[in-house]
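A.B. asks: Below is a structure I'd like to ask you about.
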Amino acid sequence: MTQTPAAIPLHWKLVIDAADPHAQADFWAGALHYEVEDNSALVERLLELGALPGAATVEFHGRAAFRDLVGVRHPDDPYDQERGTGLGRRLLFQRVPEPKSGKNRLHLDLHPGEDRRVVEVERLEKLGASVLRHVREPAGEWVVMADPEGNEFCVC
């Protein structure tokens with residue numbers, strides 16, 4: 001009888017398509033109190049090796065960054081210091097040419113607590129989000145919002 005190895009949980013990240021990944025990273029870092037990843041050491045090393053063309057980079061927050069990718073990570077989670085890449089809770093924004101179309105098939109729910117929902121919605125609006133609707137159902141209350149590129153999320 002062949003014994004199967006114990007299942008090991010997989011590391012994952014949520015990848016979100018964006019027209020402007022850097023603006024989205026700034027919004028979501030602010031919304032979640034996360035940190036924008038600093039990949040500048042990796043970008044500079046790849047540029048020096050000729051493995052990355054200059055056209056694939058931008059200056060972001062005063063440092064070299066990938067033009068089409070940027071991540072945000074939870075500030076308490078571990079990260080690869082050489083690459084600046086988070087190893088825990090992480091969102092990665094990637095540039096895509098087409099605009100968002102249709103309803104999200106996946107979204108984030110933010111849970112500030114019922115007593116803080118109104119304040120949190122106001123804070124998120126100041127960051128660039130918009131309120132789409134307030135929901136009151138027997139199962140609970142929440143606010144459906146959209147980030148600056150129209151991706152829906154809920155504040156529960």
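Residue names in the structure tokens use chain letters A, B, ... in the order shown, residue numbers from 1 in each chain, and ligand numbers from 1 in the order shown.
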Tell me, as a list in words, which residues lie within 10 Å of Arg95 of chain A, counting only C-alpha atoms; anything in the same chain fewer than 5 positions away does not count.
C.D. replies: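 Residues near the query, excluding close chain neighbours: Ile16, Asp17, Ala18, Ala19, Asp20, Pro21, His22, Arg67, Asp68, Leu69 and Val70 of chain A.
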A.B. asks: Keeping N, CA and C atoms, export the residues of the selection given above as a PDB file, in the first residue's frame.
C.D. replies:
```pdb
ATOM      1  N   ILE A  16      -5.016  40.684  -8.634  1.00  0.00           N
ATOM      2  CA  ILE A  16      -6.103  41.539  -9.095  1.00  0.00           C
ATOM      3  C   ILE A  16      -5.653  42.287 -10.342  1.00  0.00           C
ATOM      4  N   ASP A  17      -6.422  42.158 -11.419  1.00  0.00           N
ATOM      5  CA  ASP A  17      -6.134  42.883 -12.655  1.00  0.00           C
ATOM      6  C   ASP A  17      -6.402  44.368 -12.440  1.00  0.00           C
ATOM      7  N   ALA A  18      -5.569  45.209 -13.072  1.00  0.00           N
ATOM      8  CA  ALA A  18      -5.704  46.649 -12.867  1.00  0.00           C
ATOM      9  C   ALA A  18      -5.211  47.414 -14.082  1.00  0.00           C
ATOM     10  N   ALA A  19      -5.823  48.563 -14.316  1.00  0.00           N
ATOM     11  CA  ALA A  19      -5.319  49.482 -15.342  1.00  0.00           C
ATOM     12  C   ALA A  19      -4.095  50.219 -14.809  1.00  0.00           C
ATOM     13  N   ASP A  20      -4.107  50.556 -13.525  1.00  0.00           N
ATOM     14  CA  ASP A  20      -2.993  51.254 -12.869  1.00  0.00           C
ATOM     15  C   ASP A  20      -2.653  50.509 -11.583  1.00  0.00           C
ATOM     16  N   PRO A  21      -1.781  49.502 -11.671  1.00  0.00           N
ATOM     17  CA  PRO A  21      -1.501  48.672 -10.497  1.00  0.00           C
ATOM     18  C   PRO A  21      -0.936  49.453  -9.318  1.00  0.00           C
ATOM     19  N   HIS A  22      -0.157  50.495  -9.585  1.00  0.00           N
ATOM     20  CA  HIS A  22       0.455  51.249  -8.485  1.00  0.00           C
ATOM     21  C   HIS A  22      -0.588  52.065  -7.715  1.00  0.00           C
ATOM     22  N   ARG A  67       7.009  47.851 -13.666  1.00  0.00           N
ATOM     23  CA  ARG A  67       5.999  48.679 -14.309  1.00  0.00           C
ATOM     24  C   ARG A  67       4.606  48.067 -14.198  1.00  0.00           C
ATOM     25  N   ASP A  68       4.521  46.747 -14.338  1.00  0.00           N
ATOM     26  CA  ASP A  68       3.229  46.096 -14.484  1.00  0.00           C
ATOM     27  C   ASP A  68       2.778  45.256 -13.290  1.00  0.00           C
ATOM     28  N   LEU A  69       3.558  45.228 -12.218  1.00  0.00           N
ATOM     29  CA  LEU A  69       3.222  44.425 -11.045  1.00  0.00           C
ATOM     30  C   LEU A  69       3.610  45.165  -9.775  1.00  0.00           C
ATOM     31  N   VAL A  70       2.744  45.097  -8.786  1.00  0.00           N
ATOM     32  CA  VAL A  70       3.117  45.598  -7.460  1.00  0.00           C
ATOM     33  C   VAL A  70       2.222  44.914  -6.440  1.00  0.00           C
TER      34      VAL A  70
END
```
A.B. asks: Counting only C-alpha atoms, what are the residues of segment 82-114 of chain A within 9 Å of segment 25-35 of chain A, and for each of them which pair of atoms is the nearest and at what distance in Å, to one decimal? Sort the table by chain and rising number, as CSV.
C.D. replies:
```
residue,atom,partner,partner_atom,distance
A:Arg90,CA,A:Tyr34,CA,8.7
A:Leu91,CA,A:Ala25,CA,8.2
A:Leu92,CA,A:Ala25,CA,7.9
A:Phe93,CA,A:Ala25,CA,6.7
A:Leu110,CA,A:Leu32,CA,8.1
```
A.B. asks: Looking at A:Leu14, A:Ala41, A:Ala51, A:Cys156, which one is nearest to Gly113 of chain A, with distances taken over only C-alpha atoms?
C.D. replies: A:Cys156
A.B. asks: Check chain A with DSSP on the backbone and list each residue it calls alpha helix (DSSP H), as a VMD selection string.
C.D. replies: chain A and resid 21 to 32 40 to 49 117 to 127
A.B. asks: Those residues with N, CA, C and O atoms, as a short mmCIF file (atom, residue, chain, number, x, y, z; two decimals), in the first residue's frame please?
C.D. replies:
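Generated output (part.cif):
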```
data_model
loop_
_atom_site.label_atom_id
_atom_site.label_comp_id
_atom_site.auth_asym_id
_atom_site.auth_seq_id
_atom_site.Cartn_x
_atom_site.Cartn_y
_atom_site.Cartn_z
N PRO A 21 -1.78 49.50 -11.67
CA PRO A 21 -1.50 48.67 -10.50
C PRO A 21 -0.94 49.45 -9.32
O PRO A 21 -1.23 49.14 -8.17
N HIS A 22 -0.16 50.50 -9.58
CA HIS A 22 0.45 51.25 -8.49
C HIS A 22 -0.59 52.07 -7.71
O HIS A 22 -0.55 52.12 -6.48
N ALA A 23 -1.53 52.66 -8.43
CA ALA A 23 -2.60 53.39 -7.75
C ALA A 23 -3.47 52.42 -6.95
O ALA A 23 -3.89 52.73 -5.82
N GLN A 24 -3.74 51.25 -7.51
CA GLN A 24 -4.53 50.26 -6.79
C GLN A 24 -3.78 49.77 -5.55
O GLN A 24 -4.38 49.58 -4.49
N ALA A 25 -2.48 49.56 -5.67
CA ALA A 25 -1.68 49.13 -4.51
C ALA A 25 -1.74 50.19 -3.41
O ALA A 25 -1.91 49.86 -2.23
N ASP A 26 -1.61 51.45 -3.78
CA ASP A 26 -1.70 52.51 -2.78
C ASP A 26 -3.07 52.52 -2.11
O ASP A 26 -3.17 52.65 -0.89
N PHE A 27 -4.14 52.38 -2.91
CA PHE A 27 -5.48 52.37 -2.33
C PHE A 27 -5.63 51.21 -1.36
O PHE A 27 -6.05 51.39 -0.21
N TRP A 28 -5.32 49.99 -1.79
CA TRP A 28 -5.55 48.83 -0.95
C TRP A 28 -4.60 48.76 0.24
O TRP A 28 -4.98 48.26 1.31
N ALA A 29 -3.38 49.26 0.08
CA ALA A 29 -2.48 49.33 1.25
C ALA A 29 -3.11 50.24 2.30
O ALA A 29 -3.12 49.92 3.49
N GLY A 30 -3.65 51.38 1.86
CA GLY A 30 -4.32 52.28 2.78
C GLY A 30 -5.58 51.68 3.36
O GLY A 30 -5.85 51.80 4.56
N ALA A 31 -6.37 51.02 2.52
CA ALA A 31 -7.64 50.44 2.97
C ALA A 31 -7.42 49.36 4.02
O ALA A 31 -8.16 49.28 5.00
N LEU A 32 -6.43 48.52 3.81
CA LEU A 32 -6.19 47.37 4.70
C LEU A 32 -5.14 47.64 5.77
O LEU A 32 -4.88 46.76 6.59
N SER A 40 12.57 47.08 -4.99
CA SER A 40 13.60 47.86 -5.67
C SER A 40 14.94 47.13 -5.76
O SER A 40 15.62 47.22 -6.79
N ALA A 41 15.34 46.41 -4.73
CA ALA A 41 16.62 45.69 -4.78
C ALA A 41 16.59 44.64 -5.89
O ALA A 41 17.55 44.50 -6.65
N LEU A 42 15.49 43.92 -6.00
CA LEU A 42 15.35 42.91 -7.05
C LEU A 42 15.32 43.57 -8.43
O LEU A 42 15.99 43.12 -9.36
N VAL A 43 14.55 44.63 -8.58
CA VAL A 43 14.46 45.33 -9.86
C VAL A 43 15.83 45.84 -10.29
O VAL A 43 16.25 45.64 -11.44
N GLU A 44 16.55 46.47 -9.38
CA GLU A 44 17.88 47.00 -9.71
C GLU A 44 18.84 45.88 -10.07
O GLU A 44 19.65 46.02 -11.00
N ARG A 45 18.78 44.76 -9.36
CA ARG A 45 19.66 43.62 -9.66
C ARG A 45 19.34 43.06 -11.05
O ARG A 45 20.24 42.77 -11.84
N LEU A 46 18.06 42.93 -11.39
CA LEU A 46 17.67 42.43 -12.71
C LEU A 46 18.08 43.40 -13.82
O LEU A 46 18.49 42.96 -14.90
N LEU A 47 17.98 44.70 -13.55
CA LEU A 47 18.43 45.69 -14.54
C LEU A 47 19.93 45.57 -14.77
O LEU A 47 20.40 45.59 -15.91
N GLU A 48 20.70 45.45 -13.70
CA GLU A 48 22.16 45.32 -13.81
C GLU A 48 22.57 44.08 -14.59
O GLU A 48 23.54 44.10 -15.34
N LEU A 49 21.83 43.00 -14.41
CA LEU A 49 22.13 41.75 -15.11
C LEU A 49 21.66 41.75 -16.55
O LEU A 49 21.95 40.84 -17.31
N ARG A 117 -18.29 50.55 11.35
CA ARG A 117 -18.59 50.47 9.92
C ARG A 117 -18.72 51.86 9.28
O ARG A 117 -18.12 52.13 8.25
N VAL A 118 -19.48 52.75 9.89
CA VAL A 118 -19.72 54.07 9.32
C VAL A 118 -18.41 54.84 9.19
O VAL A 118 -18.11 55.43 8.14
N VAL A 119 -17.60 54.83 10.23
CA VAL A 119 -16.31 55.53 10.20
C VAL A 119 -15.39 54.93 9.15
O VAL A 119 -14.70 55.65 8.42
N GLU A 120 -15.39 53.61 9.03
CA GLU A 120 -14.53 52.94 8.05
C GLU A 120 -14.97 53.26 6.63
O GLU A 120 -14.13 53.51 5.75
N VAL A 121 -16.26 53.28 6.37
CA VAL A 121 -16.77 53.64 5.05
C VAL A 121 -16.33 55.06 4.69
O VAL A 121 -15.86 55.32 3.58
N GLU A 122 -16.43 55.98 5.63
CA GLU A 122 -15.99 57.36 5.38
C GLU A 122 -14.50 57.42 5.09
O GLU A 122 -14.05 58.13 4.19
N ARG A 123 -13.70 56.66 5.84
CA ARG A 123 -12.24 56.63 5.61
C ARG A 123 -11.93 56.08 4.23
O ARG A 123 -11.09 56.63 3.50
N LEU A 124 -12.62 55.02 3.83
CA LEU A 124 -12.38 54.42 2.52
C LEU A 124 -12.81 55.36 1.39
O LEU A 124 -12.15 55.42 0.35
N GLU A 125 -13.87 56.12 1.60
CA GLU A 125 -14.28 57.11 0.59
C GLU A 125 -13.20 58.17 0.42
O GLU A 125 -12.90 58.59 -0.71
N LYS A 126 -12.56 58.58 1.50
CA LYS A 126 -11.47 59.56 1.41
C LYS A 126 -10.27 59.00 0.65
O LYS A 126 -9.52 59.75 0.04
N LEU A 127 -10.10 57.68 0.69
CA LEU A 127 -9.01 57.03 -0.05
C LEU A 127 -9.34 56.87 -1.53
O LEU A 127 -8.46 56.53 -2.32
#
```
A.B. asks: May I ask for the distance between atom CA of Pro75 of chain A and atom CA of Lys100 of chain A, given in Å to one decimal place?
C.D. replies: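 These two atoms are separated by 28.7 Å.
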A.B. asks: Ranking A:His61, A:His134, A:Arg116, A:Arg89 by minimum distance to Asn39 of chain A and counting only C-alpha atoms, which one comes first?
C.D. replies: A:His61
A.B. asks: Report the distance between atom CA of Ala65 of chain A and atom CA of Lys13 of chain A in Å, rounded to one decimal place.
C.D. replies: 18.9 Å
A.B. asks: Using DSSP assignments from the backbone, pull out every residue in segment 15-146 of chain A that falls under strand (DSSP E) and give it to me as a PyMOL selection string.
C.D. replies: chain A and resi 15-18+35-36+57-60+63-66+69-73+79-80+85-86+90-95+109-110+130-137+140-146
A.B. asks: For the selection just defined, write its residues with C-alpha atoms to a file, as a PDB file, in the first residue's frame.
C.D. replies:
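Output contents, as saved in part03.pdb:
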```pdb
ATOM      1  CA  VAL A  15      -3.971  38.620  -7.963  1.00  0.00           C
ATOM      2  CA  ILE A  16      -6.103  41.539  -9.095  1.00  0.00           C
ATOM      3  CA  ASP A  17      -6.134  42.883 -12.655  1.00  0.00           C
ATOM      4  CA  ALA A  18      -5.704  46.649 -12.867  1.00  0.00           C
ATOM      5  CA  GLU A  35       2.447  47.872   3.243  1.00  0.00           C
ATOM      6  CA  VAL A  36       3.283  48.342  -0.414  1.00  0.00           C
ATOM      7  CA  THR A  57      10.292  49.547 -14.733  1.00  0.00           C
ATOM      8  CA  VAL A  58       8.941  52.765 -13.220  1.00  0.00           C
ATOM      9  CA  GLU A  59       9.834  54.954 -10.291  1.00  0.00           C
ATOM     10  CA  PHE A  60       7.285  54.383  -7.532  1.00  0.00           C
ATOM     11  CA  ARG A  63      12.421  53.788  -5.891  1.00  0.00           C
ATOM     12  CA  ALA A  64      12.705  51.395  -8.824  1.00  0.00           C
ATOM     13  CA  ALA A  65       9.651  49.184  -9.289  1.00  0.00           C
ATOM     14  CA  PHE A  66       8.176  46.790 -11.807  1.00  0.00           C
ATOM     15  CA  LEU A  69       3.222  44.425 -11.045  1.00  0.00           C
ATOM     16  CA  VAL A  70       3.117  45.598  -7.460  1.00  0.00           C
ATOM     17  CA  GLY A  71       2.071  43.865  -4.283  1.00  0.00           C
ATOM     18  CA  VAL A  72       0.850  44.826  -0.854  1.00  0.00           C
ATOM     19  CA  ARG A  73       1.378  42.698   2.227  1.00  0.00           C
ATOM     20  CA  TYR A  79       8.744  38.612   3.621  1.00  0.00           C
ATOM     21  CA  ASP A  80      11.746  37.842   1.440  1.00  0.00           C
ATOM     22  CA  THR A  85       8.013  39.935  -1.661  1.00  0.00           C
ATOM     23  CA  GLY A  86       5.531  39.037   1.060  1.00  0.00           C
ATOM     24  CA  ARG A  90      -0.745  39.459   0.108  1.00  0.00           C
ATOM     25  CA  LEU A  91      -2.492  41.124  -2.833  1.00  0.00           C
ATOM     26  CA  LEU A  92      -0.704  41.465  -6.173  1.00  0.00           C
ATOM     27  CA  PHE A  93      -1.900  43.987  -8.749  1.00  0.00           C
ATOM     28  CA  GLN A  94      -1.047  43.288 -12.384  1.00  0.00           C
ATOM     29  CA  ARG A  95      -1.535  45.619 -15.331  1.00  0.00           C
ATOM     30  CA  ASP A 109     -15.030  41.629   2.800  1.00  0.00           C
ATOM     31  CA  LEU A 110     -13.550  44.074   5.293  1.00  0.00           C
ATOM     32  CA  SER A 130     -17.305  54.894  -3.569  1.00  0.00           C
ATOM     33  CA  VAL A 131     -20.442  53.552  -1.915  1.00  0.00           C
ATOM     34  CA  LEU A 132     -22.571  51.472  -4.293  1.00  0.00           C
ATOM     35  CA  ARG A 133     -25.330  50.486  -1.869  1.00  0.00           C
ATOM     36  CA  HIS A 134     -26.234  49.794   1.747  1.00  0.00           C
ATOM     37  CA  VAL A 135     -27.573  46.294   2.387  1.00  0.00           C
ATOM     38  CA  ARG A 136     -29.875  45.326   5.245  1.00  0.00           C
ATOM     39  CA  GLU A 137     -31.017  41.722   5.320  1.00  0.00           C
ATOM     40  CA  GLY A 140     -26.941  41.247   8.653  1.00  0.00           C
ATOM     41  CA  GLU A 141     -25.897  44.650   7.360  1.00  0.00           C
ATOM     42  CA  TRP A 142     -23.015  45.739   5.155  1.00  0.00           C
ATOM     43  CA  VAL A 143     -22.005  48.387   2.660  1.00  0.00           C
ATOM     44  CA  VAL A 144     -21.064  47.450  -0.891  1.00  0.00           C
ATOM     45  CA  MET A 145     -18.294  49.714  -2.144  1.00  0.00           C
ATOM     46  CA  ALA A 146     -16.087  50.022  -5.229  1.00  0.00           C
TER      47      ALA A 146
END
```
A.B. asks: For the atom pair atom CA of Glu149 of chain A and atom CA of Ala55 of chain A, what is the interatomic distance in Å to one decimal place?
C.D. replies: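 Pair atom CA of Glu149 of chain A / atom CA of Ala55 of chain A returns 24.1 Å.
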